[in-house]
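Notes follow once the structure below has been shown.
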Amino acid sequence: MLYIIDTANLDDIKRCMEYFPVAGVTTNPTIISKEHTGFPDLIKAIRALIGDEKMLHIQTTGTDAQTIVKEAVLLRDFVGGDFYAKIPISPEGLKATMQLKKMGIKVTETAIFTQQQAMIAAQAGADFVAPYINRLDSIVSDGVHVVSEIVKMFNVHNIKSRVLAASFKNVEQIHKIALAGGHAVTISPELFNTLTYHPLTDRAIESFNADWQSVYGDKGVLDVFER
Ligand code: E4P
């Protein structure tokens, strides 16, 4: 399962890329607006930071297929590299998706809340479908269940589209998506930290260090090899 960062904050992207195995970056208009800076410069800087090999998913804002297609082509040409046009699902979005696929532009169909939205997006050619886990959980639905059925449908029908699960608030949700066969998750920088934290891990490291220091003092592994 791929881990993707759901932010447009350059410092956070830089830090996460340094410390975690990150496959790319996703943004949406809300995420972009939080940075209070020029959009073209920001996405160009993200691409420069992550390099051409990593996925960069950038959302279109048009509401008709013609505008969505124009935006996707412009964004693809502007940022280059492994680019995905993130398109909210709608009839216009699906029309745009089918046209973009003919043009060889990759698409992530986003704002997915049901299994059939995912299915029809896949049939339109979406490379990824992005169901929103926590937003489903928040209305007493079950985001993990939706993803597990999407994965099952894609397997049964031999569909190549992949599931990029989004909208997470805790590690348990991420873990259950991994078990359900989700292909990728996009998570906040804060969740990358939470994902790797456990108080017992901290306690284990403290006790390893204390035992080592009781014999070798402040010397580390490198120091004890110095003659
Ligand atoms: C993903 O790309 C979505 O836009 C995003 O994860 C939504 O997350 P939220 O529900 O926390 O806003």
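Ordering of the structure tokens sets the chain letters (A, B, ...), residue numbers begin anew at 1 in every chain, and ligands are numbered from 1 in the order given.
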Test item: residues at most 8 Å from Gly125 of chain A, only C-alpha atoms, excluding those fewer than 3 positions along its chain, as an mmCIF file with N, CA, C and O atoms, in the first residue's frame:
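This is the output file around.cif:
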```
data_model
loop_
_atom_site.group_PDB
_atom_site.id
_atom_site.type_symbol
_atom_site.label_atom_id
_atom_site.label_comp_id
_atom_site.auth_asym_id
_atom_site.auth_seq_id
_atom_site.Cartn_x
_atom_site.Cartn_y
_atom_site.Cartn_z
ATOM 1 N N THR A 97 -13.188 12.906 -17.778
ATOM 2 C CA THR A 97 -12.286 11.775 -17.543
ATOM 3 C C THR A 97 -12.117 10.958 -18.823
ATOM 4 O O THR A 97 -10.988 10.606 -19.203
ATOM 5 N N MET A 98 -13.218 10.658 -19.496
ATOM 6 C CA MET A 98 -13.135 9.852 -20.721
ATOM 7 C C MET A 98 -12.327 10.569 -21.798
ATOM 8 O O MET A 98 -11.529 9.947 -22.495
ATOM 9 N N LYS A 101 -8.545 10.556 -20.760
ATOM 10 C CA LYS A 101 -7.910 9.248 -20.941
ATOM 11 C C LYS A 101 -7.503 9.046 -22.403
ATOM 12 O O LYS A 101 -6.450 8.506 -22.691
ATOM 13 N N VAL A 107 -5.972 10.233 -14.426
ATOM 14 C CA VAL A 107 -7.059 10.860 -13.653
ATOM 15 C C VAL A 107 -7.257 10.144 -12.313
ATOM 16 O O VAL A 107 -7.227 8.915 -12.244
ATOM 17 N N ALA A 121 -16.648 5.477 -12.237
ATOM 18 C CA ALA A 121 -15.422 6.251 -12.476
ATOM 19 C C ALA A 121 -14.352 5.353 -13.087
ATOM 20 O O ALA A 121 -13.629 5.750 -14.013
ATOM 21 N N ALA A 122 -14.276 4.120 -12.583
ATOM 22 C CA ALA A 122 -13.299 3.171 -13.122
ATOM 23 C C ALA A 122 -13.617 2.851 -14.578
ATOM 24 O O ALA A 122 -12.720 2.802 -15.432
ATOM 25 N N SER A 161 -8.270 -0.003 -12.267
ATOM 26 C CA SER A 161 -8.237 1.218 -11.446
ATOM 27 C C SER A 161 -7.833 0.858 -10.021
ATOM 28 O O SER A 161 -8.167 -0.224 -9.534
#
```
Query raised in the report: segment 97-127 of chain A: which residues are strand (DSSP E or B) by DSSP, as a list in words?
Result: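 The residues of segment 97-127 of chain A classed as strand (DSSP E or B) are Lys106, Val107, Thr108, Glu109, Thr110, Ala111 and Ile112 of chain A.
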Query raised in the report: Which chains and residue numbers are within 9 Å of ligand 1, counting only C-alpha atoms and all ligand atoms, if I want them as a PyMOL selection string?
Result: chain A and resi 5-7+25-31+57-59+86+110-111+130-136+164-169+185-188
Requested in this report: For Glu149 of chain A, work out the shell of residues within 12 Å, counting only C-alpha atoms and skipping chain neighbours fewer than 2 positions away, then give it as a ChimeraX atom specification.
Outcome: /A:113-119,131,142-147,151-156,163,177,180-182
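Remark: for Leu49 of chain A, the closest of the candidate residues A:Met17, A:Ile159, A:Val129, A:Val171 is A:Met17 (distances computed over only C-alpha atoms).
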Query raised in the report: So how far away is atom CA of Gln123 of chain A from atom CA of His157 of chain A, in Å?
Result: 10.5 Å
Query raised in the report: What is the atom CA of Phe78 of chain A to atom CA of Lys44 of chain A distance in Å?
Result: 7.6 Å
